[in-house]
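Here is the structure we will look at.
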Amino acid sequence: MSNVKKRLLKEKIAKVAMQLSGITITGSLFFIIGTILYKGLPYLSWEMISQAPKGGFYIGKEGGILNAILGSLYLATFSTMLATLIGIPISIFLNVYVKSGSFLERSCKLLFDVLFGIPSIVYGAIAFSIMVWMGIRASLLGGIITITLLTIPIVVRTIDELLKTIPIDLKHVTFSLGATRWELAKILLKYIKPGIFTAILLAFGRAIGDVAGVLLTTGFSDNLPKYVDEPAATLPLAIFFQLSSPIPEVQGRAYASALVLTFIILIIVICTHLLASKQQKHKI
Amino acid sequence: MYTSSSIQTAETQDLVNTSIPHIQIKDLNVTIEGKRILKNINLSIPNNSVTSIIGPSGCGKTTLLKTLNRLVDDTKGVEITGSVLVNGEDLYAKDAEVTHIRKKMGLLSQKPFPLPMSIFDNVAYGPRIHGEKNKKVLTQIVETQLRNVGLWEEVKDRLEASATRLSIGQQQRLCLARGLAVKPEIILGDESTSALDPVSTQTIENLLIALKQDYTIVLVTHILRQARRVSDYIIFVYNGEIIEFGKTDDVLLNPQNEITQQYVKGFIS
Amino acid sequence: MNWRLIKDKLIQRSFATMLALSLVVIILILAGLSFKSIPLLRAESLGAILTESVWSPLNGSFGFLPFIMGTIWVTFISLIIAAPLCILASAYLVEYASEALRRMVLPLVNVLAAIPPVLYGVWGVLFVVPFLSQYVAPIVGAETTGYTVFAGGIVLAVMIFPIMMSIMVEVLQTIPYELKAASLSLGATKWETIVKVILVKAKPGLIAAVVLGISRAFGETIAVLMVCGNIPQIPKSFFDAGYPLPALIANNFGEMMSIPLYDSALMFAALLLFVLIFGFNLISRLILNRLEGKS
């Protein structure tokens, strides 16, 4: 009998341990957001998000981080657009034009899976040295190209996951109406439309949050971004730079900037979630 | 077991009124990833009638159906030899154009798959991609085909509604209408009633019987009673080979082959 | 009719071109990195670069050992924190939790994945670093600023939670119900079933998840850079500062041009990262693909 009791006790302890692990993992999310909210909120002001840095901003004087917010939005928007325009055709090609199960399909998909894991610092490093070699200085364009390369695998993979969920019979039925592969592709795209937005948002989130890729390629500037061939500020970099300042006021702004970035990310996450539930409903 | 030549002769006796059968299969072999799925298939499917392919699951009956419109091409590791002639034209000829071939064959799949668009657009989809732009003509086609499948009265007031809102039985009839709208010559059904309730099943069955006046219909089914209800001819497939082919009553009531007898009596499934 | 087919062919060509181009980029990256690393490899042998511990670019000595060890330390610490937590939590979610709880927790884990690295870094600076220096270090009698490999490991652990969790949950869900039923019907408790049957059966998938976690931790740059201290030394304990490879690249790229071989050394660091992570990812994806094919 005591053996059984011991086993049941073990079961109970294990269950508690598992619950605690789960709470730690999900709790860390709230903890991180909470910390940033707690530290950043006192420093957040309208001036912060509506103005570019003025003279002496980095020693605690007036100005804001509008340059970085705009820079990040431009960077993320353009690179996401490019990545979508390149990534969706690649996904379509691999799922519609290439015979399913073929070596080409499997190896390409594997490659994009692997590329998904390559850190942005590697992309940044190689882009930087190419730019140096070609005599191009750090600029918004350099950042856009680097981040596009970084986000293409995300788009390809997400769209691929979506296309996988479409029953093969839909493909067959459309073919049997005499549709060409491109006409089938259009039907499939229509079918996964909400999911495409999810993919775009995912890529956008990754693009707007990346530091290592832009650190070397985009540079930094106190001016509002106007031209693509000039350096531009980005929000994550602004956070990074301000945080390394010894002046408390500037550090506070780093927390507030982090809060702004958190808000942007949370908006993206919520939109993604809403779209995802829409995609679920659409399924047959 | 019938040899290929005896199938041919048994066949031609019944087909005095038609010159060439729509579908002729000659020495067809299908291998998928090294496994022989269909072995030496020789067959002429009679025009303007319903032919059911029956057989235990995994015997190759669906593959046989899919070779008819070359959807089998899409399978991983597939190799096909032999020929399938539709109106004398070889589907597997090197210069054969697949979309053109497929247009001739309407497919009614296991579950209804309405396209993600309105009821109207579903039916109009085929004619549209084949170049019909005239709104009047399209409206005419949609009405005719929806009437053909007995759906017109039920949906005429909500043609712009999403097709996914229809009941599953209605959806299957819509899919049939959509297939008919591209003016196929042949209708292929892949267990087309397996997802439907008995009433919808009966509707579809009656539709198929009515449609055989204008079309050649080939069905895959694993329900023997359904095969008896709707078909004029039956092909019994076992292990990738055609074991028996003949008129429905002959095959079901008086099977020549021992395996067919066992299958019909329910000993193998 | 013909136009449709031509259009179809044209689109096929252009899509194939896009695919080819994006694959070429990878080859370009690899070629570029290798090409740039050549000068360093000419000056010193590969063995020497990887095992020497003196890093002094001005004197021309490029020993990568401190950085390799820094990376290994933070990765190792993050793993011993994250792997057990993730295994326990995902086992709970799959075996015990209700559908409703699962549906609530998994999206939250995905939110964790969406948080940019720099915010993890901010959190590390605001919480982990002071917490370590004020509360944890005194307990073990160590004196530290808190900017340590330990801090890096903790931040990284939280960062790799999502990827490990989501894959582990997926892997555990593929374990057939019959297997669990067989164990339970022999009188095993749920926990015994998890340890002796489910986790054993799921081992390859779990390993793949851990390896993906490792490669994520390996390449993470900014968050680690913010909390690790960045001193080029070989860490001896949890409370020593370290200097992982990605941080080395990020910190020094700006000034590399003026010092001979410096850029080659940094490119070599990037190449090292690329090859290692590519390898790690490839292995784990192959394992996962095989598992997916089986189920």
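Note on naming: chains are A, B, ... as they come in the structure tokens, residues start from 1 per chain, ligands start from 1 in the order shown.
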Within 6 Å of chain A: residues of chain C, using only C-alpha atoms, as a list in words
Asp8, Phe15, Leu19, Leu85, Leu88, Ala89, Tyr92, Leu112, Pro116, Trp123, Trp191, Gly219, Ala270, Asn281 and Leu282 of chain C
Pull out every residue of chain C that has at least one atom within 12 Å of chain B, counting only C-alpha atoms, and report them as a ChimeraX atom specification.
/C:1-5,8
For the selection you just gave me, I'd like the residues written to a file as a compact mmCIF listing (two decimals), in the first residue's frame, keeping N, CA and C atoms.
```txt
# COMPACT_ATOMS: atom_id res chain seq x y z
N MET C 1 -7.62 30.81 -75.24
CA MET C 1 -7.17 29.49 -74.79
C MET C 1 -5.65 29.43 -74.74
N ASN C 2 -5.03 29.80 -75.87
CA ASN C 2 -3.59 29.76 -75.94
C ASN C 2 -2.95 30.76 -74.99
N TRP C 3 -3.55 31.93 -74.95
CA TRP C 3 -3.02 33.00 -74.11
C TRP C 3 -2.96 32.56 -72.65
N ARG C 4 -3.98 31.79 -72.22
CA ARG C 4 -4.00 31.33 -70.83
C ARG C 4 -2.80 30.43 -70.56
N LEU C 5 -2.50 29.59 -71.54
CA LEU C 5 -1.39 28.66 -71.33
C LEU C 5 -0.06 29.40 -71.34
N ASP C 8 0.31 31.10 -68.10
CA ASP C 8 0.68 30.11 -67.08
C ASP C 8 2.17 29.80 -67.13
```
Of the candidates B:Ile45, B:Ile242, B:Ile25, B:Ile101, which shows the shortest atom-to-atom distance to chain A, using only C-alpha atoms?
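Nearest candidate to chain A out of B:Ile45, B:Ile242, B:Ile25, B:Ile101: B:Ile101.
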What are the closest atom pairs, with distances in Å to one decimal, for each residue of chain B lying within 6 Å of chain A, using only C-alpha atoms, rows by chain and rising residue number, as CSV?
```
residue,atom,partner,partner_atom,distance
B:Lys76,CA,A:Gly101,CA,5.3
B:Thr99,CA,A:Gly178,CA,4.6
B:Arg102,CA,A:Ser176,CA,4.8
B:Lys103,CA,A:Gly178,CA,4.0
B:Gly106,CA,A:Ser176,CA,5.9
B:Leu107,CA,A:Ser176,CA,5.8
B:Phe113,CA,A:Leu170,CA,5.8
B:Pro116,CA,A:Tyr191,CA,5.8
B:Gly126,CA,A:Leu177,CA,5.7
```
What does the distance from CA of Leu212 in chain C to CA of Ile160 in chain C come to in Å, to one decimal?
8.7 Å
Quick one: residues within 9 Å of Tyr92 in chain B, only C-alpha atoms, excluding same-chain residues fewer than 3 positions away - as a list of chain:residue names?
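Once the nearby chain positions are removed, what remains is B:Arg70, B:Ile80, B:Thr81, B:Gly82, B:Ser83, B:Val84, B:Leu85, B:Glu89, B:Asp95, B:Ala96.
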Please save C-alpha atoms of the selected residues as a PDB file, in the first residue's frame.
```pdb
ATOM      1  CA  ARG B  70      -4.694  12.941 -65.527  1.00  0.00           C
ATOM      2  CA  ILE B  80       2.294   5.672 -66.262  1.00  0.00           C
ATOM      3  CA  THR B  81       2.530   3.599 -69.418  1.00  0.00           C
ATOM      4  CA  GLY B  82      -0.133   2.783 -71.979  1.00  0.00           C
ATOM      5  CA  SER B  83      -2.778   5.090 -73.331  1.00  0.00           C
ATOM      6  CA  VAL B  84      -6.171   6.492 -72.558  1.00  0.00           C
ATOM      7  CA  LEU B  85      -8.107   7.576 -75.618  1.00  0.00           C
ATOM      8  CA  GLU B  89      -7.256  11.382 -78.708  1.00  0.00           C
ATOM      9  CA  ASP B  95       1.951  16.841 -76.813  1.00  0.00           C
ATOM     10  CA  ALA B  96      -1.350  16.389 -74.990  1.00  0.00           C
TER      11      ALA B  96
END
```
